[in-house]
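Data file: entry.txt. Format and content: compact mmCIF, C-alpha atoms and all ligand atoms.
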# COMPACT_ATOMS: atom_id res chain seq x y z
CA MET A 1 0.00 0.00 0.00
CA VAL A 2 1.31 3.46 -0.85
CA ASN A 3 1.71 5.75 2.14
CA SER A 4 0.53 9.12 0.84
CA ASP A 5 1.94 10.86 3.95
CA LYS A 6 5.42 9.56 3.25
CA GLN A 7 7.86 12.43 2.86
CA PRO A 8 10.41 12.46 0.06
CA PRO A 9 13.85 11.24 1.13
CA ILE A 10 16.64 13.67 1.90
CA ARG A 11 19.35 13.59 -0.77
CA ARG A 12 22.56 12.93 1.13
CA ARG A 13 24.81 11.67 -1.67
CA LEU A 14 25.45 12.41 -5.31
CA ASP A 15 26.51 9.57 -7.58
CA PRO A 16 30.26 10.07 -8.30
CA ARG A 17 30.36 7.66 -11.25
CA PRO A 18 29.32 10.06 -14.08
CA LEU A 19 32.23 12.34 -13.11
CA ALA A 20 34.63 9.39 -12.68
CA GLN A 21 33.58 8.12 -16.12
CA THR A 22 34.63 11.37 -17.78
CA GLY A 23 38.13 9.90 -17.90
CA HIS A 24 41.07 8.38 -16.13
CA CYS A 25 42.88 10.40 -13.45
CA ARG A 26 45.77 12.45 -14.83
CA LEU A 27 47.98 11.68 -11.88
CA GLU A 28 50.88 13.55 -13.48
CA VAL A 29 48.93 16.78 -12.85
CA LEU A 30 48.38 15.91 -9.19
CA ARG A 31 52.01 14.87 -8.62
CA ARG A 32 52.84 18.58 -8.86
CA LEU A 33 51.08 19.08 -5.50
CA ALA A 34 53.46 16.87 -3.51
CA GLY A 35 54.79 18.78 -0.51
CA ARG A 36 53.08 22.04 -1.52
CA PRO A 37 51.20 24.25 0.97
CA ILE A 38 47.60 24.93 -0.04
CA VAL A 39 46.76 28.33 1.42
CA GLY A 40 44.48 30.00 -1.09
CA HIS A 41 43.02 30.06 -4.60
CA ALA A 42 46.38 30.81 -6.22
CA ASP A 43 47.77 27.46 -5.05
CA LEU A 44 45.54 25.40 -7.37
CA ASP A 45 45.13 25.95 -11.10
CA ARG A 46 42.20 24.79 -13.25
CA ASP A 47 43.78 21.47 -14.21
CA GLU A 48 44.60 20.69 -10.58
CA VAL A 49 41.08 21.55 -9.38
CA ILE A 50 39.49 19.36 -12.06
CA GLU A 51 41.87 16.45 -11.49
CA LEU A 52 41.37 16.62 -7.71
CA CYS A 53 37.61 16.42 -8.27
CA ARG A 54 38.02 13.55 -10.72
CA LEU A 55 40.30 11.69 -8.29
CA ALA A 56 37.74 12.31 -5.55
CA ALA A 57 35.06 10.76 -7.76
CA HIS A 58 37.24 7.66 -8.25
CA LEU A 59 37.92 7.49 -4.52
CA GLU A 60 34.20 7.79 -3.78
CA SER A 61 33.29 5.03 -6.22
CA THR A 62 36.11 2.55 -5.50
CA GLU A 63 37.21 0.56 -2.47
CA VAL A 64 40.73 1.81 -1.68
CA ALA A 65 41.09 1.18 2.06
CA SER A 66 42.83 -2.15 1.39
CA HIS A 67 45.63 -0.23 -0.40
CA HIS A 68 46.37 1.78 2.79
CA PRO A 69 47.30 4.96 0.90
CA LEU A 70 48.23 7.00 3.98
CA ASP A 71 49.71 4.15 6.00
CA GLY A 72 52.38 5.38 8.44
CA LEU A 73 51.58 9.09 8.02
CA VAL A 74 50.33 11.45 10.73
CA VAL A 75 48.00 14.33 9.90
CA ILE A 76 47.75 17.12 12.49
CA THR A 77 44.38 18.88 12.48
CA ALA A 78 44.84 22.08 14.49
CA PHE A 79 41.63 24.07 14.81
CA PHE A 80 41.92 27.36 16.69
CA GLU A 81 38.32 28.16 15.72
CA PRO A 82 35.22 25.89 15.93
CA SER A 83 34.35 23.51 13.11
CA THR A 84 31.99 20.60 12.53
CA ARG A 85 32.52 19.61 8.91
CA THR A 86 36.04 20.64 8.00
CA ARG A 87 37.88 19.04 10.89
CA LEU A 88 35.76 15.90 11.03
CA SER A 89 35.77 15.34 7.28
CA PHE A 90 39.56 15.76 7.13
CA GLU A 91 39.94 13.32 10.02
CA SER A 92 37.46 10.84 8.53
CA ALA A 93 39.24 11.15 5.17
CA ALA A 94 42.65 10.38 6.66
CA LEU A 95 41.46 7.57 8.94
CA ARG A 96 39.62 5.86 6.07
CA LEU A 97 42.92 5.79 4.12
CA ASP A 98 44.79 4.36 7.11
CA GLY A 99 46.45 7.61 8.11
CA LYS A 100 46.71 8.64 11.75
CA ILE A 101 45.40 11.82 13.31
CA LEU A 102 46.72 14.20 15.95
CA SER A 103 43.73 16.41 16.65
CA VAL A 104 43.70 19.84 18.27
CA PRO A 105 39.97 20.60 18.35
CA ASP A 106 40.38 23.84 20.30
CA GLY A 107 43.40 26.17 20.42
CA LYS A 108 42.87 26.68 24.15
CA VAL A 109 44.29 23.22 24.85
CA THR A 110 47.66 24.26 23.36
CA GLY A 111 50.42 26.49 24.76
CA ILE A 112 48.49 29.45 23.25
CA ALA A 113 46.70 29.49 26.63
CA LYS A 114 50.10 30.20 28.24
CA GLY A 115 51.12 32.81 25.68
CA GLU A 116 53.09 30.52 23.34
CA SER A 117 53.58 31.87 19.81
CA LEU A 118 52.13 30.24 16.71
CA ALA A 119 55.66 30.16 15.32
CA ASP A 120 56.86 27.92 18.16
CA ILE A 121 53.80 25.70 17.85
CA GLY A 122 54.66 25.33 14.15
CA GLU A 123 58.16 24.18 15.07
CA MET A 124 56.62 21.45 17.23
CA PHE A 125 54.24 20.35 14.47
CA ASN A 126 57.30 19.70 12.29
CA SER A 127 58.39 16.95 14.67
CA TYR A 128 55.01 15.42 15.39
CA GLY A 129 53.31 15.07 12.02
CA ASP A 130 53.64 14.87 8.23
CA LEU A 131 50.91 17.34 7.26
CA LEU A 132 49.22 20.22 9.07
CA VAL A 133 45.57 21.11 8.46
CA MET A 134 44.94 24.38 10.28
CA ARG A 135 42.00 26.72 10.89
CA HIS A 136 42.58 30.02 12.62
CA PRO A 137 40.40 33.09 13.27
CA VAL A 138 43.26 35.45 12.32
CA THR A 139 43.66 35.95 8.56
CA GLU A 140 47.46 36.36 8.78
CA ALA A 141 47.95 33.20 10.88
CA THR A 142 48.49 30.95 7.85
CA GLU A 143 51.29 33.16 6.50
CA GLU A 144 52.84 33.33 9.96
CA ILE A 145 52.95 29.59 10.58
CA VAL A 146 53.96 28.55 7.04
CA GLU A 147 57.27 30.36 7.54
CA HIS A 148 58.07 27.98 10.39
CA LEU A 149 56.87 24.74 8.82
CA ALA A 150 58.99 22.04 7.23
CA ILE A 151 55.86 19.98 6.55
CA PRO A 152 53.09 20.96 4.10
CA MET A 153 50.08 22.87 5.38
CA ILE A 154 46.48 22.95 4.16
CA ASN A 155 44.48 26.03 5.12
CA ALA A 156 41.15 24.97 6.62
CA GLY A 157 39.90 28.57 6.88
CA ASN A 158 41.74 31.69 8.05
CA GLY A 159 39.70 34.64 9.33
CA SER A 160 38.18 36.51 6.41
CA GLY A 161 40.92 35.11 4.14
CA GLU A 162 40.20 31.89 2.29
CA HIS A 163 38.85 28.38 2.64
CA PRO A 164 40.37 26.65 -0.40
CA THR A 165 39.27 23.12 0.43
CA GLN A 166 35.67 24.31 0.84
CA ALA A 167 35.90 25.58 -2.74
CA LEU A 168 37.09 22.11 -3.77
CA VAL A 169 34.15 20.58 -1.92
CA ASP A 170 31.76 22.99 -3.66
CA TRP A 171 33.06 22.40 -7.17
CA TYR A 172 33.34 18.65 -6.61
CA THR A 173 29.62 18.76 -5.78
CA LEU A 174 28.78 20.78 -8.88
CA LEU A 175 30.90 18.59 -11.17
CA LYS A 176 29.17 15.47 -9.83
CA TRP A 177 25.81 17.16 -10.37
CA ARG A 178 26.74 18.23 -13.92
CA PRO A 179 30.10 16.85 -15.18
CA GLU A 180 29.89 18.94 -18.34
CA LEU A 181 30.69 22.06 -16.30
CA ALA A 182 34.34 20.95 -16.51
CA SER A 183 34.31 21.03 -20.29
CA PRO A 184 36.17 23.94 -21.91
CA THR A 185 33.27 24.09 -24.38
CA PRO A 186 30.09 23.13 -22.49
CA SER A 187 26.82 22.99 -24.42
CA GLU A 188 24.43 25.90 -23.96
CA ASP A 189 22.06 23.57 -22.05
CA ALA A 190 24.77 22.71 -19.55
CA ARG A 191 25.76 26.30 -18.79
CA ILE A 192 24.50 27.83 -15.56
CA ASP A 193 23.13 31.09 -14.23
CA LEU A 194 24.78 31.34 -10.83
CA ALA A 195 23.64 33.40 -7.84
CA VAL A 196 25.87 34.05 -4.86
CA LEU A 197 23.98 35.22 -1.77
CA GLY A 198 26.70 36.81 0.29
CA THR A 199 29.76 38.99 0.18
CA PRO A 200 32.77 37.26 -1.38
CA GLY A 201 35.20 39.93 -0.17
CA SER A 202 34.54 39.25 3.51
CA MET A 203 33.24 35.66 3.54
CA ARG A 204 36.14 33.24 3.14
CA ALA A 205 34.09 30.31 1.78
CA VAL A 206 32.26 32.53 -0.71
CA LYS A 207 35.55 34.14 -1.74
CA SER A 208 37.26 30.81 -2.42
CA PHE A 209 34.14 29.50 -4.20
CA THR A 210 34.03 32.57 -6.45
CA PHE A 211 37.74 32.43 -7.26
CA ALA A 212 37.32 28.76 -8.17
CA ALA A 213 34.26 29.61 -10.28
CA LEU A 214 36.55 31.58 -12.58
CA HIS A 215 38.18 28.27 -13.61
CA PHE A 216 34.75 27.29 -14.98
CA ARG A 217 34.00 30.60 -16.70
CA ALA A 218 32.99 28.90 -19.96
CA ALA A 219 30.22 27.12 -18.07
CA ILE A 220 28.86 30.22 -16.32
CA ARG A 221 26.33 32.17 -18.38
CA SER A 222 25.91 34.80 -15.67
CA LEU A 223 26.99 35.51 -12.10
CA THR A 224 24.71 37.52 -9.83
CA VAL A 225 26.03 38.55 -6.43
CA VAL A 226 23.38 39.56 -3.91
CA SER A 227 25.01 41.72 -1.26
CA GLU A 228 24.31 44.93 0.61
CA MET A 229 27.95 45.95 0.33
CA ALA A 230 28.94 48.61 -2.21
CA ASP A 231 32.08 46.64 -3.15
CA PRO A 232 31.24 42.98 -2.41
CA PHE A 233 34.32 41.47 -4.11
CA GLY A 234 37.28 43.38 -2.72
CA PRO A 235 40.05 44.55 -5.07
CA GLU A 236 41.78 41.24 -5.99
CA LEU A 237 38.64 39.27 -6.70
CA ALA A 238 36.98 42.24 -8.46
CA ALA A 239 39.91 42.43 -10.89
CA ALA A 240 39.85 38.66 -11.49
CA VAL A 241 36.08 38.64 -12.07
CA GLU A 242 36.33 41.54 -14.49
CA ALA A 243 39.17 39.89 -16.39
CA SER A 244 37.16 36.65 -16.67
CA GLY A 245 34.62 38.18 -19.04
CA ILE A 246 31.72 36.57 -17.14
CA ASP A 247 28.48 38.55 -17.28
CA VAL A 248 28.33 39.85 -13.67
CA ARG A 249 25.57 41.69 -11.83
CA VAL A 250 25.68 42.98 -8.27
CA VAL A 251 22.30 43.60 -6.64
CA ASN A 252 21.21 44.51 -3.11
CA ASP A 253 18.30 42.15 -2.84
CA LEU A 254 16.92 39.08 -4.59
CA ASP A 255 15.71 40.92 -7.64
CA PRO A 256 16.04 39.46 -10.33
CA PRO A 257 13.99 36.63 -8.88
CA LEU A 258 15.15 33.18 -7.79
CA GLN A 259 13.61 31.52 -10.86
CA ASP A 260 16.46 32.95 -12.92
CA PHE A 261 19.12 30.73 -11.31
CA ASP A 262 20.32 27.16 -11.85
CA VAL A 263 22.75 27.26 -8.91
CA ILE A 264 22.36 29.31 -5.72
CA TYR A 265 25.35 29.52 -3.40
CA GLN A 266 24.41 30.83 0.02
CA ASN A 267 26.41 31.48 3.18
CA ALA A 268 25.21 32.55 6.60
CA ILE A 269 27.46 35.27 7.85
CA ALA A 270 30.14 37.75 6.83
CA LEU A 271 32.99 38.91 8.98
CA LEU A 272 33.03 42.73 9.10
CA GLY A 273 35.86 43.96 11.27
CA ASP A 274 35.44 42.09 14.54
CA ALA A 275 31.70 41.52 14.10
CA TYR A 276 29.60 39.07 12.15
CA LYS A 277 26.80 40.23 9.89
CA GLU A 278 23.97 37.90 8.88
CA LEU A 279 22.30 37.88 5.48
CA ASN A 280 19.28 40.14 5.27
CA ASP A 281 15.71 38.80 5.23
CA GLY A 282 15.44 39.12 1.46
CA CYS A 283 18.18 36.51 1.05
CA ARG A 284 16.44 33.85 3.15
CA LEU A 285 15.54 30.67 1.32
CA SER A 286 12.63 28.41 2.13
CA ALA A 287 10.39 25.95 0.29
CA ASP A 288 7.78 28.73 -0.02
CA ARG A 289 9.92 30.58 -2.52
CA GLU A 290 9.73 29.87 -6.22
CA PHE A 291 12.84 28.28 -7.72
CA LYS A 292 13.68 27.26 -11.26
CA PRO A 293 12.82 23.55 -11.67
CA GLY A 294 15.98 21.50 -11.04
CA ALA A 295 17.82 24.43 -9.45
CA VAL A 296 20.23 23.49 -6.69
CA ILE A 297 21.29 25.23 -3.48
CA LEU A 298 24.78 24.94 -2.06
CA HIS A 299 25.69 26.16 1.41
CA PRO A 300 28.98 25.44 3.20
CA LEU A 301 27.05 25.20 6.49
CA ALA A 302 26.67 25.83 9.42
CA ARG A 303 23.34 27.44 8.58
CA ARG A 304 21.14 29.71 10.56
CA GLU A 305 17.75 31.18 9.66
CA GLU A 306 18.81 32.02 6.12
CA LEU A 307 18.34 28.43 4.90
CA ASP A 308 15.09 26.96 6.13
CA THR A 309 14.80 23.26 6.95
CA SER A 310 11.67 23.14 4.74
CA LEU A 311 14.10 22.83 1.82
CA ASP A 312 15.87 19.77 3.20
CA ARG A 313 13.58 17.28 1.44
CA SER A 314 13.32 19.29 -1.76
CA GLU A 315 15.07 18.58 -5.06
CA HIS A 316 16.99 21.82 -4.49
CA ASN A 317 18.96 20.53 -1.51
CA LEU A 318 22.53 19.88 -2.59
CA TYR A 319 24.04 21.08 0.70
CA PHE A 320 23.95 17.74 2.50
CA ALA A 321 25.52 15.94 -0.46
CA GLN A 322 28.06 18.77 -0.57
CA ALA A 323 29.06 18.10 3.05
CA ALA A 324 29.19 14.32 2.46
CA GLY A 325 31.47 14.64 -0.57
CA ALA A 326 33.98 16.63 1.50
CA VAL A 327 35.58 13.40 2.72
CA PHE A 328 36.60 12.30 -0.78
CA VAL A 329 37.90 15.57 -2.15
CA ARG A 330 39.96 16.03 1.02
CA GLN A 331 41.26 12.48 0.57
CA ALA A 332 42.29 13.39 -2.99
CA LEU A 333 44.13 16.47 -1.77
CA MET A 334 45.91 14.72 1.11
CA VAL A 335 47.02 11.77 -1.03
CA SER A 336 48.45 14.27 -3.56
CA VAL A 337 50.14 16.62 -1.08
CA LEU A 338 51.54 13.66 0.87
CA ASP A 339 52.89 12.12 -2.36
CA ARG A 340 50.98 8.87 -1.97
CA LEU A 341 49.35 8.73 -5.41
CA GLY A 342 51.54 5.71 -6.12
CA ARG A 343 49.60 3.72 -3.52
CA LEU A 344 46.32 3.99 -5.42
CA PRO A 345 45.04 1.07 -7.53
CA ASP A 346 46.41 1.00 -11.11
CA SER A 347 42.85 1.23 -12.41
CA PHE A 348 42.76 4.92 -11.34
CA SER A 349 45.23 6.00 -13.98
CA GLU A 350 44.32 3.52 -16.72
CA ARG A 351 42.43 4.85 -19.70
CA PRO A 352 38.85 3.51 -19.82
CA ARG A 353 38.54 0.66 -22.31
N1 LIG A 401 31.95 24.48 5.84
C1 LIG A 401 32.66 24.63 6.97
O1 LIG A 401 33.76 25.21 6.97
O2 LIG A 401 32.05 24.12 8.06
P1 LIG A 401 32.71 24.01 9.51
O3 LIG A 401 32.83 25.43 10.03
O4 LIG A 401 31.78 23.19 10.32
O5 LIG A 401 34.05 23.38 9.37
Rewrite the coordinates I just gave you, this time as structure tokens.
Amino acid sequence: MVNSDKQPPIRRRLDPRPLAQTGHCRLEVLRRLAGRPIVGHADLDRDEVIELCRLAAHLESTEVASHHPLDGLVVITAFFEPSTRTRLSFESAALRLDGKILSVPDGKVTGIAKGESLADIGEMFNSYGDLLVMRHPVTEATEEIVEHLAIPMINAGNGSGEHPTQALVDWYTLLKWRPELASPTPSEDARIDLAVLGTPGSMRAVKSFTFAALHFRAAIRSLTVVSEMADPFGPELAAAVEASGIDVRVVNDLDPPLQDFDVIYQNAIALLGDAYKELNDGCRLSADREFKPGAVILHPLARREELDTSLDRSEHNLYFAQAAGAVFVRQALMVSVLDRLGRLPDSFSERPR
């Protein structure tokens, strides 16, 4: 008997196989990342972003644990600012590849509480681990610690700076959703009208997402940024967006309407000086609003009132699948930076028959 009250299921995963089937992994591209710090958008070019996403798709669709890719390596996750997804997905990613974790879930449990410098903590990390994944509330903290590191570092979010692995998570999600976005010549049907609800200049996840979007400029028909700020991009991103040739609009409120967009990227809060500013009411999304059929919403989470739970069971929810895919794209990055691509099954780099 059909239960008419049954609610639609929540989409928690996106099938990685269509992206994996776009080709074999070009591991020679990813070998360039061995030992390199990943601090911001400039540390990954288009080829590297696409190949990391493709490797993630292979990792998500293949059993690799038995190959122990990170066997014998220690990843330090040092989070001086709270996190649910980034720290836990990095740790899950490493543990599932047989790596080991040294976890600092709160800076207060380090010598910082006694006035120790970040530089000295960096010196200690050199002896205790093979890779540092660090989040810090101070934008300059990544630059400061990198100078003292002999091991590679991945930036897991620095103040109002960047969140480069969130951008990888976001574009991995979009490439799984529509693999043709990675094509240098996507069909007109595959191209997207993209809305960003937030202020890229002062929201690190939105900034890294928007920088990464420029790698996919051929696939973006238009970019609309909805922000109350007069200059939402900041000088570096504004220049890059202008140079991209993408058709860009900046508006204060959601006008043009939501039905115009295939992809809506939303974030909760912007850092303005020392304070946080939430999105205005006009940027709130709920199932009551009218979306384009098939449109998808991404959100790095954590959410607040701006993204209503009424959307969780809708076709527009891509944000839970986005969070789930984080494990695999972070695996792809760690295996590359830690120079363990050679431990992956041969099938990853073989051309499809
Ligand atoms: N997306 C993201 O950075 O989430 P967390 O703050 O929970 O790590």
Show me which residues sit within 9 Å of ligand LIG 401 (chain A) when counting only C-alpha atoms and all ligand atoms, and put them as a ChimeraX atom specification. /A:81-89,135,156-157,163,165-166,169,205,299-302,323
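Residues with any atom within 9 Å of Ser244 of chain A, counting all atoms listed in the file and excluding same-chain neighbours fewer than 5 positions away, are Leu214, His215, Arg217 and Ala239 of chain A.
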Could you tell me how far atom CA of Leu70 of chain A lies from atom CA of Val104 of chain A, in Å and to one decimal? 19.7 Å
To one decimal in Å, tell me the separation between atom CA of Leu73 of chain A and atom CA of Glu116 of chain A. 26.4 Å
When you look at Leu118 of chain A with a cut-off of 8 Å (counting only C-alpha atoms), what residues show up, excluding the ones that are within fewer than 4 positions of it in the same chain? I need them as a PDB file with C-alpha atoms, in the coordinates of the input.
ATOM      1  CA  ILE A 112      48.490  29.450  23.250  1.00  0.00           C
ATOM      2  CA  GLY A 122      54.660  25.330  14.150  1.00  0.00           C
ATOM      3  CA  ALA A 141      47.950  33.200  10.880  1.00  0.00           C
ATOM      4  CA  GLU A 144      52.840  33.330   9.960  1.00  0.00           C
ATOM      5  CA  ILE A 145      52.950  29.590  10.580  1.00  0.00           C
TER       6      ILE A 145
END
Neighbour list for Thr224 of chain A as a PyMOL selection string, cut-off 6 Å, only C-alpha atoms, skip fewer than 3 positions in-chain: chain A and resi 195+248-250
Separating atom CA of Arg26 of chain A from atom CA of Pro164 of chain A, to the nearest tenth of an Å, is a gap of 21.0 Å
Could you please give me, as a ChimeraX atom specification, the residues of protein, DNA or RNA lying at most 10 Å from (17.8, 38.8, -4.8) in the coordinate frame of the file, considering all atoms listed in the file? /A:195-197,224-227,250-258,282-284
Can you tell me which residues surround Gln259 of chain A at a distance of at most 8 Å, considering all atoms listed in the file, apart from same-chain residues fewer than 5 positions away, and format the answer as a compact mmCIF listing (two decimals) with C-alpha atoms, in the coordinates of the input?
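Output file out-v2.txt follows:
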# COMPACT_ATOMS: atom_id res chain seq x y z
CA GLU A 290 9.73 29.87 -6.22
CA PHE A 291 12.84 28.28 -7.72
CA LYS A 292 13.68 27.26 -11.26
So which one's closest to Leu168 of chain A, A:Phe79, A:Phe328, A:Tyr265, A:Tyr319? Using all atoms listed in the file, please. A:Phe328
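Near Leu149 of chain A, within 10 Å and counting all atoms listed in the file, sit Pro37, Ala119, Asp120, Ile121, Gly122, Glu123, Met124, Phe125, Asn126, Ser127, Leu131, Leu132 and Glu144 of chain A, not including residues fewer than 5 positions from it in the same chain.
Using all atoms listed in the file for every distance, the candidate list A:Met153, A:Ala212, A:Val75, A:Met203 yields A:Ala212 as the residue closest to His41 of chain A.
In this comparison, which uses only C-alpha atoms, the residue of A:Pro186, A:Arg340, A:Phe320, A:Ser222 approaching Ile246 of chain A most closely is A:Ser222.
When only C-alpha atoms are used to measure the gap to Leu19 of chain A, the shortest distance among A:Arg32, A:His68, A:Arg204, A:Lys176 belongs to A:Lys176.
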Counting all atoms listed in the file, the residue of A:Val74, A:Ile38, A:Met334, A:Leu30 that sits nearest Ile154 of chain A: A:Ile38
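The residue that comes closest to Phe348 of chain A, out of A:Glu306, A:Asp170, A:Glu63, A:Asp288 and on the basis of all atoms listed in the file, is A:Glu63.
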Box along x, y and z, 6 Å on every side, all listed atoms of segment 276-294 of chain A inside: centre and edge lengths in Å to one decimal, as AutoDock Vina command-line options.
--center_x 18.7 --center_y 30.9 --center_z 0.2 --size_x 33.8 --size_y 30.7 --size_z 35.8
